[in-house]
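Colleague: Sharing a structure below in structure tokens format, with a few things to ask.
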Amino acid sequence: MKKLISIFCLILIAPPSIGEQGRLNFILIIMDDLRAQGLSIYGEKAMITPNIDELSAEGVVFDYAIANFPACGASRASIFTGLRPTRDRFTFAGTRIDEDTPSVKTLPEYLKDHGYHTASIGKVFHSVNDSDQAWSSPRVDFRIGQKHPKNYLMAENIEAQMNCEAKGTCVGKSKKSGAAPAFEVGLVEDDAYFDGRVAQTAISALEAFKKNPAKPFFLSVGFYKPHLPFNAPEKYWKMYNRDSIVMSAAPDKPKHAPRNPWHGSGELRKFSGIPQAANLWVQNVPRNLTRTLTHGYYAATTYVDAQLGRIIDKLKSLSLAENTMVILISDHGYNLADHTLWNKHTLFNVAIQSPLIVRGPSTAIGTRVMGPVEYIDIFPSLLEMAGIKNPRHLEGKSFTQNLSDPTLPTKKFVHARYKAGESISDQRFSYTAWLDEKYRITAHMLYDRRVDPLETVNLADDEDYSPLVTKLREELLSHVKQREERAQDFL
């Protein structure tokens with residue numbers, strides 16, 4: 001308890017007064033590994049998320065928002081710098097902003113320079129000490145100083161994780177992830193896990209901002225779940241009927257798909273009880289365990305949804321909602337045995353399509369934006385809302401006009417990449433190509449999301465779609481070459 005009090009005190013430090021009352025505040029909420037599929041706001045009621053539903057009913061839902069890279073560190077680096085991932089920048093899960101783009105100011109640092117008090121609670125930047133100058137007060141990240149940062153609470157799981165090396169029971173190469181299961185049914189209250197403490201710390205921060213309104217604030221709240229391991233209090237597991245858990249509707253290899261998008265689901269295989277060998281286009285996690293893992297992901301999602309509700313309730317009770325924009329995102333999507341895959345790390349739509357909800361004093365209520373947007377658009381959008389000029393480096397486009405009029409067009413194409421794969425999507429089609437070092441296409445896929453939303457049939461070599469493939473291929477290659485040339489400015 002003393003440690004929690006000291007953490008709250010860091011947030012409760014009053015920012016100096018500079019007379020900026022009346023400017024918009026921002027709360028950016030990130031749920032780690034939250035997929036769009038399965039959320040009722042995207043048409044499938046697999047997961048119980050009443051607070052996400054309520055937030056969407058009060059604001060604007062973007063029907064097709066994508067993350068620009070399907071791995072945590074690279075995606076977050078792209079979001080917070082407003083720069084696209086390239087062949088040499090933001091390339092893997094452990095990406096650090098201060099290493100890849102040391103000369104570029106992040107969104108919170110830019111807002112800080114323009115009079116905002118910026119605060120980070122939970123997992124916001126991927127690395128715990130990356131670009132600390134972005135924040136007005138010391139960041140609060142419950143991973144720091146933890147002997148078992150996977151946040152197991154049950155004694156048997158802690159023992160399994162911490163002592164596997166001595167016992168010779170570690171899984172794979174890891175000495176920190178091994179031997180413990182990929183889920184936990186916690187016989188605890190909400191605040192025992194990290195995310196309950198994230199919510200409570202965010203509530204304390206809002207109370208501090210209410211008492212000291214001299215500066216507008218940018219509060220970034222990063223929940224650790226539903227990322228693996230799928231740990232959640234028992235009451236959230238019990239909210240689901242195990243036998244009725246919605247399993248993947250597209251568990252098989254897409255017809256005519258090349259080898260390239262497949263991966264070994266290695267992140268899941270770091271946990272005990274999971275088959276260690278990966279077989280090409282085979283989902284070899286037993287069906288009963290697949291159901292348990294899916295159940296755990298859903299329970300963890302419902303758990304963080306409840307924490308979101310606590311923060312929004314406090315925002316309203318403090319009368320801050322009338323001047324605060326709330327933006328809810330993930331860092332990318334997630335595979336739950338879709339296309340035989342687990343985790344992210346692929347350019348299938350389930351791994352790059354991500355939630356985006358915006359609610360605030362100037363947004364339309366209960367509306368939807370149909371056109372595509374991408375996560376690099378968040379940086380310029382928030383600056384426009386704040387009345388701040390864009391820095392030169394930004395590569396996204398503001399979607400602020402769509403918040404008051406969702407019928408206005410967005411951008412024509414959105415882009416994502418992963419390793420040698422490059423993806424381009426419009427409102428209907430998604431085209432992915434794998435390029436060699438000379439930008440020659442070695443394999444490709446095309447999916448019509450309107451008639452095949454689960455991406456089960458690759459149309460790239462279908463003669464009927466040849467003109468479309470040619471058009472999208474040319475657009476994609478032009479985009480990649482221009483992106484790589486521009487990236488030289490930030491090396």
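To be explicit about the labels: the chains of the structure tokens are called A, B, and onward in the order shown, and within each one the residues are counted from 1, while ligands get numbers from 1 in the order they are shown.
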Please list as a list of chain:residue names every residue within 6 Å of segment 364-379 of chain A, counting only C-alpha atoms and excluding residues in the same chain fewer than 5 positions away.
Modeller: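 Contacts, in chain order: A:Ala57, A:Glu58, A:Gly59, A:Val60, A:Val61, A:Phe62, A:Asp63, A:Tyr64, A:Ala65, A:Ile66, A:Ala67, A:Ile79, A:Gly82, A:Gly396, A:Lys397, A:Ser398, A:Leu403, A:Ser404, A:Pro406, A:Thr410, A:Gln427.
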Colleague: Do a neighbour search on Thr442 of chain A at 10 Å with only C-alpha atoms, toss out local chain neighbours closer than 3 positions, and write the hits as a ChimeraX atom specification.
Modeller: /A:258,260,420-421,433-436,439
Colleague: With C-alpha atoms kept, could you save the residues just selected as a short mmCIF file (atom, residue, chain, number, x, y, z; two decimals), in the first residue's frame?
Modeller:
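What landed in out.cif:
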```
data_model
loop_
_atom_site.label_atom_id
_atom_site.label_comp_id
_atom_site.auth_asym_id
_atom_site.auth_seq_id
_atom_site.Cartn_x
_atom_site.Cartn_y
_atom_site.Cartn_z
CA PRO A 258 1.18 -18.48 -50.26
CA ASN A 260 4.65 -16.11 -46.63
CA ALA A 420 9.14 -8.30 -46.17
CA GLY A 421 5.36 -7.95 -46.42
CA ALA A 433 2.78 -8.36 -51.45
CA TRP A 434 6.12 -9.71 -50.30
CA LEU A 435 9.08 -7.84 -51.78
CA ASP A 436 12.73 -8.73 -52.16
CA TYR A 439 11.29 -4.29 -54.62
#
```
Colleague: Of the candidates A:Gly115, A:Gly38, A:Pro226, A:Gly264, which one gets nearest to Asp305 of chain A if we count only C-alpha atoms?
Modeller: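 Checking each of A:Gly115, A:Gly38, A:Pro226, A:Gly264 against Asp305 of chain A, counting only C-alpha atoms, the winner is A:Pro226.
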Colleague: In Å, with one decimal, what is the gap from atom CA of Ile329 of chain A to atom CA of His148 of chain A?
Modeller: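 Value for the atom CA of Ile329 of chain A-atom CA of His148 of chain A distance: 26.6 Å.
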Colleague: Would you mind writing down, as a count of residues only, each residue of segment 210-327 of chain A that DSSP on the backbone assigns to strand (DSSP E or B)?
Modeller: 16
Colleague: In Å to one decimal, how far is atom CA of Tyr224 of chain A from atom CA of Arg143 of chain A?
Modeller: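 Atom-to-atom, atom CA of Arg143 of chain A to atom CA of Tyr224 of chain A, that is 9.5 Å.
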Colleague: Please give the complete set of residues from segment 116-365 of chain A that DSSP, run on the backbone, assigns to alpha helix (DSSP H), formatted as a ChimeraX atom specification.
Modeller: /A:155-162,164-167,194-211,234-237,287-317,349-352
Colleague: How would the residues just picked look written out with C-alpha atoms as a PDB file, in the first residue's frame?
Modeller:
```pdb
ATOM      1  CA  ALA A 155       1.364 -19.159  -6.038  1.00  0.00           C
ATOM      2  CA  GLU A 156       1.701 -22.224  -8.235  1.00  0.00           C
ATOM      3  CA  ASN A 157       2.082 -20.082 -11.376  1.00  0.00           C
ATOM      4  CA  ILE A 158       4.632 -17.759  -9.786  1.00  0.00           C
ATOM      5  CA  GLU A 159       6.617 -20.781  -8.629  1.00  0.00           C
ATOM      6  CA  ALA A 160       6.453 -22.342 -12.086  1.00  0.00           C
ATOM      7  CA  GLN A 161       7.640 -19.155 -13.777  1.00  0.00           C
ATOM      8  CA  MET A 162      10.386 -18.150 -11.353  1.00  0.00           C
ATOM      9  CA  CYS A 164      11.867 -23.284 -13.970  1.00  0.00           C
ATOM     10  CA  GLU A 165      15.573 -22.850 -14.670  1.00  0.00           C
ATOM     11  CA  ALA A 166      16.595 -24.569 -11.436  1.00  0.00           C
ATOM     12  CA  LYS A 167      14.087 -27.328 -12.040  1.00  0.00           C
ATOM     13  CA  PHE A 194      -1.723  -4.515 -12.811  1.00  0.00           C
ATOM     14  CA  ASP A 195      -4.691  -3.220 -14.797  1.00  0.00           C
ATOM     15  CA  GLY A 196      -6.824  -2.581 -11.735  1.00  0.00           C
ATOM     16  CA  ARG A 197      -3.964  -0.523 -10.354  1.00  0.00           C
ATOM     17  CA  VAL A 198      -3.641   1.285 -13.688  1.00  0.00           C
ATOM     18  CA  ALA A 199      -7.296   2.313 -13.448  1.00  0.00           C
ATOM     19  CA  GLN A 200      -6.937   3.474  -9.840  1.00  0.00           C
ATOM     20  CA  THR A 201      -3.822   5.493 -10.660  1.00  0.00           C
ATOM     21  CA  ALA A 202      -5.578   7.092 -13.630  1.00  0.00           C
ATOM     22  CA  ILE A 203      -8.488   8.018 -11.372  1.00  0.00           C
ATOM     23  CA  SER A 204      -6.068   9.689  -8.946  1.00  0.00           C
ATOM     24  CA  ALA A 205      -4.494  11.565 -11.846  1.00  0.00           C
ATOM     25  CA  LEU A 206      -7.900  12.858 -12.973  1.00  0.00           C
ATOM     26  CA  GLU A 207      -8.645  14.039  -9.440  1.00  0.00           C
ATOM     27  CA  ALA A 208      -5.310  15.898  -9.416  1.00  0.00           C
ATOM     28  CA  PHE A 209      -6.010  17.495 -12.785  1.00  0.00           C
ATOM     29  CA  LYS A 210      -9.432  18.607 -11.553  1.00  0.00           C
ATOM     30  CA  LYS A 211      -7.886  20.308  -8.510  1.00  0.00           C
ATOM     31  CA  GLU A 234     -12.338 -15.296 -11.665  1.00  0.00           C
ATOM     32  CA  LYS A 235     -15.536 -13.250 -11.865  1.00  0.00           C
ATOM     33  CA  TYR A 236     -14.748 -12.293 -15.463  1.00  0.00           C
ATOM     34  CA  TRP A 237     -14.155 -15.904 -16.465  1.00  0.00           C
ATOM     35  CA  ARG A 287      -9.283 -27.931 -29.420  1.00  0.00           C
ATOM     36  CA  ASN A 288     -10.061 -28.078 -25.701  1.00  0.00           C
ATOM     37  CA  LEU A 289      -7.042 -25.876 -24.920  1.00  0.00           C
ATOM     38  CA  THR A 290      -7.939 -23.567 -27.813  1.00  0.00           C
ATOM     39  CA  ARG A 291     -11.328 -23.064 -26.173  1.00  0.00           C
ATOM     40  CA  THR A 292      -9.681 -22.312 -22.824  1.00  0.00           C
ATOM     41  CA  LEU A 293      -7.279 -19.804 -24.375  1.00  0.00           C
ATOM     42  CA  THR A 294     -10.087 -18.088 -26.252  1.00  0.00           C
ATOM     43  CA  HIS A 295     -12.098 -18.005 -23.025  1.00  0.00           C
ATOM     44  CA  GLY A 296      -9.104 -16.466 -21.260  1.00  0.00           C
ATOM     45  CA  TYR A 297      -8.657 -13.783 -23.923  1.00  0.00           C
ATOM     46  CA  TYR A 298     -12.342 -12.887 -23.640  1.00  0.00           C
ATOM     47  CA  ALA A 299     -12.191 -12.789 -19.834  1.00  0.00           C
ATOM     48  CA  ALA A 300      -9.104 -10.551 -19.924  1.00  0.00           C
ATOM     49  CA  THR A 301     -10.860  -8.236 -22.383  1.00  0.00           C
ATOM     50  CA  THR A 302     -13.932  -7.979 -20.160  1.00  0.00           C
ATOM     51  CA  TYR A 303     -11.650  -7.276 -17.200  1.00  0.00           C
ATOM     52  CA  VAL A 304      -9.938  -4.316 -18.903  1.00  0.00           C
ATOM     53  CA  ASP A 305     -13.312  -3.114 -20.179  1.00  0.00           C
ATOM     54  CA  ALA A 306     -14.411  -2.859 -16.546  1.00  0.00           C
ATOM     55  CA  GLN A 307     -11.304  -0.785 -15.762  1.00  0.00           C
ATOM     56  CA  LEU A 308     -12.118   1.491 -18.693  1.00  0.00           C
ATOM     57  CA  GLY A 309     -15.554   1.997 -17.161  1.00  0.00           C
ATOM     58  CA  ARG A 310     -14.038   3.102 -13.848  1.00  0.00           C
ATOM     59  CA  ILE A 311     -11.980   5.783 -15.598  1.00  0.00           C
ATOM     60  CA  ILE A 312     -14.854   7.090 -17.724  1.00  0.00           C
ATOM     61  CA  ASP A 313     -17.167   7.171 -14.694  1.00  0.00           C
ATOM     62  CA  LYS A 314     -14.621   9.255 -12.776  1.00  0.00           C
ATOM     63  CA  LEU A 315     -14.123  11.570 -15.755  1.00  0.00           C
ATOM     64  CA  LYS A 316     -17.869  12.233 -15.792  1.00  0.00           C
ATOM     65  CA  SER A 317     -18.265  12.589 -12.023  1.00  0.00           C
ATOM     66  CA  ASN A 349      -6.857  -8.317 -41.525  1.00  0.00           C
ATOM     67  CA  VAL A 350      -7.531  -9.859 -38.106  1.00  0.00           C
ATOM     68  CA  ALA A 351      -4.013  -8.839 -37.027  1.00  0.00           C
ATOM     69  CA  ILE A 352      -3.968  -5.276 -38.377  1.00  0.00           C
TER      70      ILE A 352
END
```
Colleague: Near Gln283 of chain A, counting only C-alpha atoms, which residues have an atom at most 12 Å away, once you skip same-chain residues fewer than 2 positions from it, shown as a VMD selection string?
Modeller: chain A and resid 248 250 to 253 262 to 265 274 to 281 285 to 287 289 to 290 335 to 342
Colleague: Name all residues at most 8 Å from Ile27 of chain A (count only C-alpha atoms; drop same-chain ones fewer than 2 positions away) and give them as a ChimeraX atom specification.
Modeller: /A:25,29,218-221,324-327
Colleague: Write the selection just made, keeping C-alpha atoms, as a CSV table (one decimal), in the first residue's frame?
Modeller:
```csv
chain,number,residue,atom,x,y,z
A,25,ASN,CA,-7.8,17.7,-22.6
A,29,ILE,CA,-6.4,4.6,-23.8
A,218,PHE,CA,-2.8,14.6,-22.1
A,219,LEU,CA,-3.2,11.4,-20.1
A,220,SER,CA,-2.1,8.2,-21.8
A,221,VAL,CA,-3.4,5.0,-20.1
A,324,THR,CA,-11.9,16.0,-22.7
A,325,MET,CA,-11.5,13.9,-25.8
A,326,VAL,CA,-11.3,10.2,-25.1
A,327,ILE,CA,-9.6,8.1,-27.7
```
Colleague: With only C-alpha atoms as the atoms that count, which of A:Gln488, A:Ser423, A:Gln401, A:Ser136 lies nearest to Tyr110 of chain A?
Modeller: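 Using only C-alpha atoms, the shortest distance to Tyr110 of chain A belongs to A:Ser136.
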Colleague: Report, in Å with one decimal, the straight-line distance from atom CA of Ile48 of chain A to atom CA of Asp190 of chain A.
Modeller: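 So the answer is 16.4 Å.
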Colleague: Choose the residue, out of A:Lys105, A:His332, A:Arg483, A:His117, that has the smallest atom-to-atom separation from Asn390 of chain A; count only C-alpha atoms.
Modeller: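 Under the stated criterion, the closest residue is A:Lys105.
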Colleague: Closest to Ala46 of chain A among A:Asn458, A:Ser120, A:Ser137, A:Ser244, using only C-alpha atoms?
Modeller: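 For Ala46 of chain A, the nearest of the given residues is A:Ser244.
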Colleague: If we count only C-alpha atoms, what is near Phe348 of chain A at a cut-off of 9 Å, once residues fewer than 6 positions away on the same chain are taken out, given as a ChimeraX atom specification?
Modeller: /A:261,339,430,432,455
